[in-house]
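The file entry30.cif contains mmCIF, C-alpha atoms:
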```cif
data_run
#
loop_
_atom_site.label_atom_id
_atom_site.label_comp_id
_atom_site.auth_asym_id
_atom_site.auth_seq_id
_atom_site.Cartn_x
_atom_site.Cartn_y
_atom_site.Cartn_z
CA MET A 21 0.00 0.00 0.00
CA PRO A 22 2.56 2.60 -1.13
CA GLY A 23 2.24 6.33 -1.59
CA TYR A 24 -0.27 7.31 1.08
CA ARG A 25 -0.16 10.89 2.39
CA VAL A 26 -1.16 11.23 6.04
CA ILE A 27 -1.15 14.17 8.47
CA ILE A 28 -0.91 13.49 12.21
CA VAL A 29 -2.56 16.29 14.21
CA ASP A 30 -1.77 16.17 17.93
CA ASP A 31 -0.30 18.67 20.36
CA HIS A 32 1.98 16.08 22.00
CA PRO A 33 5.26 15.77 20.04
CA LEU A 34 6.10 12.42 21.63
CA PHE A 35 2.82 10.89 20.49
CA ARG A 36 3.27 12.28 16.98
CA ALA A 37 6.76 10.83 16.83
CA ALA A 38 5.61 7.42 18.09
CA LEU A 39 2.74 7.27 15.60
CA LYS A 40 5.01 8.34 12.74
CA GLN A 41 7.41 5.56 13.63
CA ALA A 42 4.61 3.00 13.82
CA LEU A 43 3.16 3.99 10.45
CA SER A 44 6.43 4.44 8.57
CA GLY A 45 7.34 0.88 9.48
CA ALA A 46 4.00 -0.52 8.30
CA PHE A 47 3.25 1.31 5.02
CA LYS A 48 5.87 1.36 2.31
CA GLY A 49 6.43 4.79 0.80
CA ILE A 50 3.98 6.56 3.14
CA LYS A 51 4.44 10.34 3.40
CA LEU A 52 3.80 11.60 6.92
CA ASP A 53 3.31 15.22 7.93
CA GLU A 54 2.50 16.45 11.40
CA ALA A 55 0.80 19.43 12.99
CA GLY A 56 0.43 20.48 16.60
CA THR A 57 -2.60 22.76 16.22
CA LEU A 58 -5.78 23.05 14.17
CA ASP A 59 -4.43 26.24 12.58
CA ALA A 60 -1.31 24.38 11.45
CA VAL A 61 -3.21 21.58 9.73
CA THR A 62 -5.59 24.11 8.18
CA ALA A 63 -2.64 26.00 6.70
CA ARG A 64 -1.21 22.71 5.41
CA LEU A 65 -4.49 21.69 3.77
CA ASP A 66 -4.97 25.16 2.29
CA ARG A 67 -1.63 24.73 0.51
CA ASP A 68 -2.42 21.20 -0.67
CA SER A 69 -5.50 19.17 0.22
CA ASP A 70 -4.39 16.12 -1.77
CA VAL A 71 -4.13 14.07 1.42
CA ASP A 72 -5.37 10.53 1.99
CA LEU A 73 -6.03 10.81 5.72
CA VAL A 74 -5.87 13.25 8.62
CA LEU A 75 -5.42 11.64 12.05
CA LEU A 76 -6.97 14.14 14.45
CA ASP A 77 -6.72 14.43 18.22
CA LEU A 78 -9.91 15.63 19.90
CA LYS A 79 -8.41 18.03 22.37
CA MET A 80 -5.70 20.53 21.54
CA PRO A 81 -5.05 24.22 22.31
CA GLY A 82 -8.01 26.16 20.94
CA VAL A 83 -10.02 23.01 20.18
CA GLN A 84 -12.28 21.29 22.65
CA GLY A 85 -14.30 18.21 21.80
CA LEU A 86 -15.59 17.55 18.32
CA SER A 87 -15.47 21.14 17.02
CA GLY A 88 -12.15 20.47 15.27
CA LEU A 89 -13.65 17.54 13.40
CA MET A 90 -16.73 19.56 12.47
CA PHE A 91 -14.56 22.42 11.22
CA LEU A 92 -12.25 20.25 9.10
CA ARG A 93 -15.15 18.25 7.65
CA ALA A 94 -16.77 21.55 6.64
CA GLN A 95 -13.64 23.12 5.18
CA TYR A 96 -12.28 20.04 3.42
CA PRO A 97 -15.20 17.67 2.73
CA ALA A 98 -13.11 15.53 0.34
CA VAL A 99 -10.43 14.75 2.95
CA SER A 100 -10.84 11.65 5.12
CA ILE A 101 -10.45 12.35 8.83
CA ALA A 102 -10.07 9.78 11.59
CA VAL A 103 -10.09 10.66 15.27
CA VAL A 104 -7.21 9.32 17.38
CA SER A 105 -8.07 10.09 20.99
CA ALA A 106 -7.60 9.16 24.62
CA SER A 107 -11.40 9.09 24.80
CA ASP A 108 -13.13 5.77 24.26
CA GLN A 109 -16.59 6.75 25.47
CA PRO A 110 -19.33 5.28 23.27
CA HIS A 111 -21.32 8.51 22.86
CA ILE A 112 -18.23 10.44 21.72
CA ILE A 113 -17.32 7.69 19.24
CA ARG A 114 -20.84 7.61 17.80
CA ARG A 115 -20.98 11.38 17.47
CA ALA A 116 -17.63 11.49 15.67
CA LEU A 117 -18.85 8.91 13.16
CA ASP A 118 -22.17 10.71 12.75
CA LEU A 119 -20.23 13.89 11.98
CA GLY A 120 -18.36 12.22 9.16
CA ALA A 121 -15.21 10.77 10.72
CA SER A 122 -13.78 7.84 8.77
CA GLY A 123 -12.83 6.16 12.00
CA PHE A 124 -12.28 6.50 15.73
CA ILE A 125 -9.06 5.02 17.11
CA PRO A 126 -8.48 5.05 20.89
CA LYS A 127 -4.90 5.82 21.86
CA SER A 128 -5.06 2.84 24.21
CA LEU A 129 -4.95 0.43 21.25
CA ALA A 130 -1.86 -1.71 20.80
CA VAL A 131 0.42 -0.49 18.00
CA GLU A 132 -0.39 -3.42 15.72
CA ASP A 133 -4.13 -2.92 16.22
CA MET A 134 -3.73 0.78 15.46
CA ARG A 135 -1.89 -0.08 12.24
CA ARG A 136 -4.68 -2.43 11.20
CA ALA A 137 -7.31 0.20 11.97
CA ILE A 138 -5.51 2.83 9.88
CA ALA A 139 -4.96 0.33 7.05
CA SER A 140 -8.70 -0.36 7.01
CA ILE A 141 -9.49 3.36 6.81
CA LEU A 142 -6.91 3.97 4.07
CA ALA A 143 -8.50 1.14 2.12
CA GLY A 144 -11.79 3.02 2.18
CA GLY A 145 -13.42 1.48 5.23
CA ILE A 146 -14.76 2.99 8.43
CA TRP A 147 -13.17 1.72 11.64
CA ALA A 148 -14.37 1.94 15.22
CA PRO A 149 -14.02 -0.23 18.32
CA GLU A 150 -16.14 -3.35 18.11
CA GLY A 151 -19.84 -2.70 18.55
CA LEU A 152 -19.52 1.04 18.08
CA GLY A 153 -19.24 1.28 14.31
CA PRO A 154 -21.76 2.56 11.77
CA GLY A 155 -25.30 1.60 12.65
CA ALA A 156 -24.83 1.70 16.42
CA ALA A 157 -28.05 3.04 17.87
CA PRO A 158 -27.98 6.56 19.33
CA ASP A 159 -28.79 6.66 23.00
CA SER A 160 -28.87 10.34 23.86
CA GLU A 161 -30.13 13.68 22.67
CA GLY A 162 -26.53 14.61 21.85
CA ASP A 163 -26.26 11.69 19.43
CA ALA A 164 -29.50 12.76 17.75
CA LEU A 165 -28.20 16.32 17.46
CA ALA A 166 -24.99 15.06 15.85
CA GLN A 167 -27.04 13.18 13.30
CA ARG A 168 -28.95 16.37 12.48
CA VAL A 169 -25.72 18.37 12.18
CA ALA A 170 -24.46 15.73 9.75
CA THR A 171 -27.25 16.76 7.35
CA LEU A 172 -25.76 20.26 6.97
CA THR A 173 -24.01 21.07 3.72
CA PRO A 174 -20.29 22.01 3.94
CA GLN A 175 -21.19 25.70 3.56
CA GLN A 176 -23.86 25.47 6.25
CA MET A 177 -21.34 23.79 8.54
CA ARG A 178 -18.90 26.64 7.95
CA VAL A 179 -21.60 29.14 8.86
CA LEU A 180 -22.45 27.21 12.04
CA MET A 181 -18.80 27.20 13.09
CA MET A 182 -18.67 30.97 12.55
CA LEU A 183 -21.85 31.42 14.56
CA LYS A 184 -20.05 29.56 17.38
CA GLU A 185 -17.30 32.17 17.14
CA GLY A 186 -19.89 34.91 17.69
CA LEU A 187 -19.62 36.44 14.23
CA LEU A 188 -22.45 38.52 12.77
CA ASN A 189 -24.04 37.76 9.40
CA LYS A 190 -22.15 40.57 7.68
CA GLN A 191 -18.85 39.34 9.12
CA ILE A 192 -19.55 35.78 7.96
CA ALA A 193 -20.55 37.06 4.51
CA PHE A 194 -17.27 39.00 4.25
CA GLN A 195 -15.14 36.03 5.28
CA LEU A 196 -16.89 33.63 2.90
CA GLY A 197 -17.11 36.11 0.04
CA ILE A 198 -20.88 35.76 -0.40
CA SER A 199 -23.87 38.03 0.17
CA GLU A 200 -25.43 38.69 3.54
CA ALA A 201 -28.76 37.51 2.11
CA THR A 202 -27.15 34.13 1.34
CA ILE A 203 -25.88 33.91 4.91
CA LYS A 204 -29.39 34.60 6.21
CA ALA A 205 -30.70 31.76 4.02
CA HIS A 206 -27.99 29.44 5.37
CA VAL A 207 -28.84 30.39 8.97
CA SER A 208 -32.53 29.68 8.33
CA ALA A 209 -31.65 26.27 6.88
CA ILE A 210 -29.39 25.51 9.85
CA LEU A 211 -32.15 26.35 12.34
CA GLN A 212 -34.59 24.14 10.45
CA LYS A 213 -32.20 21.17 10.21
CA LEU A 214 -31.22 21.41 13.87
CA ALA A 215 -34.86 21.88 14.92
CA VAL A 216 -34.06 25.01 16.93
CA GLY A 217 -35.62 28.45 16.96
CA SER A 218 -32.69 30.85 17.17
CA ARG A 219 -29.00 31.37 16.40
CA THR A 220 -28.25 31.12 20.11
CA GLN A 221 -29.97 27.73 20.33
CA ALA A 222 -28.02 26.56 17.26
CA VAL A 223 -24.74 27.50 18.97
CA ILE A 224 -25.83 25.76 22.18
CA ALA A 225 -26.66 22.64 20.13
CA ALA A 226 -23.23 22.69 18.45
CA ASN A 227 -21.53 23.08 21.82
CA ARG A 228 -23.50 20.12 23.22
CA ILE A 229 -22.37 17.97 20.31
CA ASP A 230 -18.78 18.87 21.12
CA GLY A 231 -19.06 16.89 24.33
CA GLU A 232 -16.45 19.21 25.78
CA SER A 233 -17.06 18.24 29.39
CA HIS A 234 -16.88 14.54 28.46
CA VAL A 235 -13.66 14.44 26.45
CA PRO A 236 -10.49 13.81 28.45
CA THR A 237 -7.16 15.42 27.66
CA GLY A 238 -5.74 13.96 24.46
#
```

Show this structure as structure tokens.
Amino acid sequence: MPGYRVIIVDDHPLFRAALKQALSGAFKGIKLDEAGTLDAVTARLDRDSDVDLVLLDLKMPGVQGLSGLMFLRAQYPAVSIAVVSASDQPHIIRRALDLGASGFIPKSLAVEDMRRAIASILAGGIWAPEGLGPGAAPDSEGDALAQRVATLTPQQMRVLMMLKEGLLNKQIAFQLGISEATIKAHVSAILQKLAVGSRTQAVIAANRIDGESHVPTG
């Protein structure tokens, strides 16, 4: 399986180095980049998004919970993203998959199991711990919210992320290079898809999906 291009996104240099070593020894010709922040991987993907897989930590400086995954899925919908996290809580795993992750790999996995999981994802599959893969039944309102968020278009997801940042319609329109009327239409669609009545409720819903208080460091 030669020639894969993978970016490891984690704020712990030792973990990045260990994962690079594990993957370079398992995939002939693999090209591995690394980033310690969401801004760094965004800059990398802006330069060249021809990447086979992004391995994303859930919790880094400036990123809490699943917001990083939601942001990258919105900005680069063609790029496969798998979460590699210290969390192994079922509701977090389900939400990540509902939000478009190609896999969820706990950091507690043995190296060989982690290699097999990544190989499965690179081959086009979706990997999660046994019993928590696609089709696992949601068991909380947060899971249901994540499934509704997954129906947003990439542009609607971008707008939701900007709403989370507290930006006004005109500021969002300027950043995205589209009209304020188009932003208003996107906001209306977001409220309808999330089954909420206001921008504030949409932001609260997005924050709940993050699972910030449930995701441990790493």

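Our summary of the geometry notes that atom CA of Arg228 of chain A is positioned 9.5 Å from atom CA of Gly85 of chain A.
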
Excluding Lys127 of chain A and its own-chain neighbours fewer than 6 positions away, which residues fall within 8 Å of it when counting only C-alpha atoms? Please give them as a PyMOL selection string. chain A and resi 104-107

Atom CA of Gly88 of chain A to atom CA of Arg136 of chain A, straight-line distance in Å: 24.4 Å

Residues near Ala139 of chain A, cut-off 12 Å, only C-alpha atoms, skip fewer than 3 positions along chain, as a PyMOL selection string: chain A and resi 21-22+24+26+43+46-48+50+72-73+102+122-123+125+132-136+142-147

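Proximity ranking of A:Leu86, A:Val99, A:Ala137, A:Ala226 relative to Ile113 of chain A places A:Leu86 first, based on all atoms listed in the file.
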
Using only C-alpha atoms, determine which residues lie at most 12 Å from Phe35 of chain A, disregarding the query and same-chain residues fewer than 5 positions distant; provide the list as a PDB file with C-alpha atoms, in the frame of the given file.
```
ATOM      1  CA  ILE A  28      -0.910  13.490  12.210  1.00  0.00           C
ATOM      2  CA  VAL A  29      -2.560  16.290  14.210  1.00  0.00           C
ATOM      3  CA  ASP A  30      -1.770  16.170  17.930  1.00  0.00           C
ATOM      4  CA  LYS A  40       5.010   8.340  12.740  1.00  0.00           C
ATOM      5  CA  GLN A  41       7.410   5.560  13.630  1.00  0.00           C
ATOM      6  CA  ALA A  42       4.610   3.000  13.820  1.00  0.00           C
ATOM      7  CA  GLU A  54       2.500  16.450  11.400  1.00  0.00           C
ATOM      8  CA  ALA A  55       0.800  19.430  12.990  1.00  0.00           C
ATOM      9  CA  GLY A  56       0.430  20.480  16.600  1.00  0.00           C
ATOM     10  CA  LEU A  75      -5.420  11.640  12.050  1.00  0.00           C
ATOM     11  CA  LEU A  76      -6.970  14.140  14.450  1.00  0.00           C
ATOM     12  CA  ASP A  77      -6.720  14.430  18.220  1.00  0.00           C
ATOM     13  CA  VAL A 104      -7.210   9.320  17.380  1.00  0.00           C
ATOM     14  CA  SER A 105      -8.070  10.090  20.990  1.00  0.00           C
ATOM     15  CA  ALA A 106      -7.600   9.160  24.620  1.00  0.00           C
ATOM     16  CA  LYS A 127      -4.900   5.820  21.860  1.00  0.00           C
ATOM     17  CA  SER A 128      -5.060   2.840  24.210  1.00  0.00           C
ATOM     18  CA  VAL A 131       0.420  -0.490  18.000  1.00  0.00           C
ATOM     19  CA  GLY A 238      -5.740  13.960  24.460  1.00  0.00           C
TER      20      GLY A 238
END
```
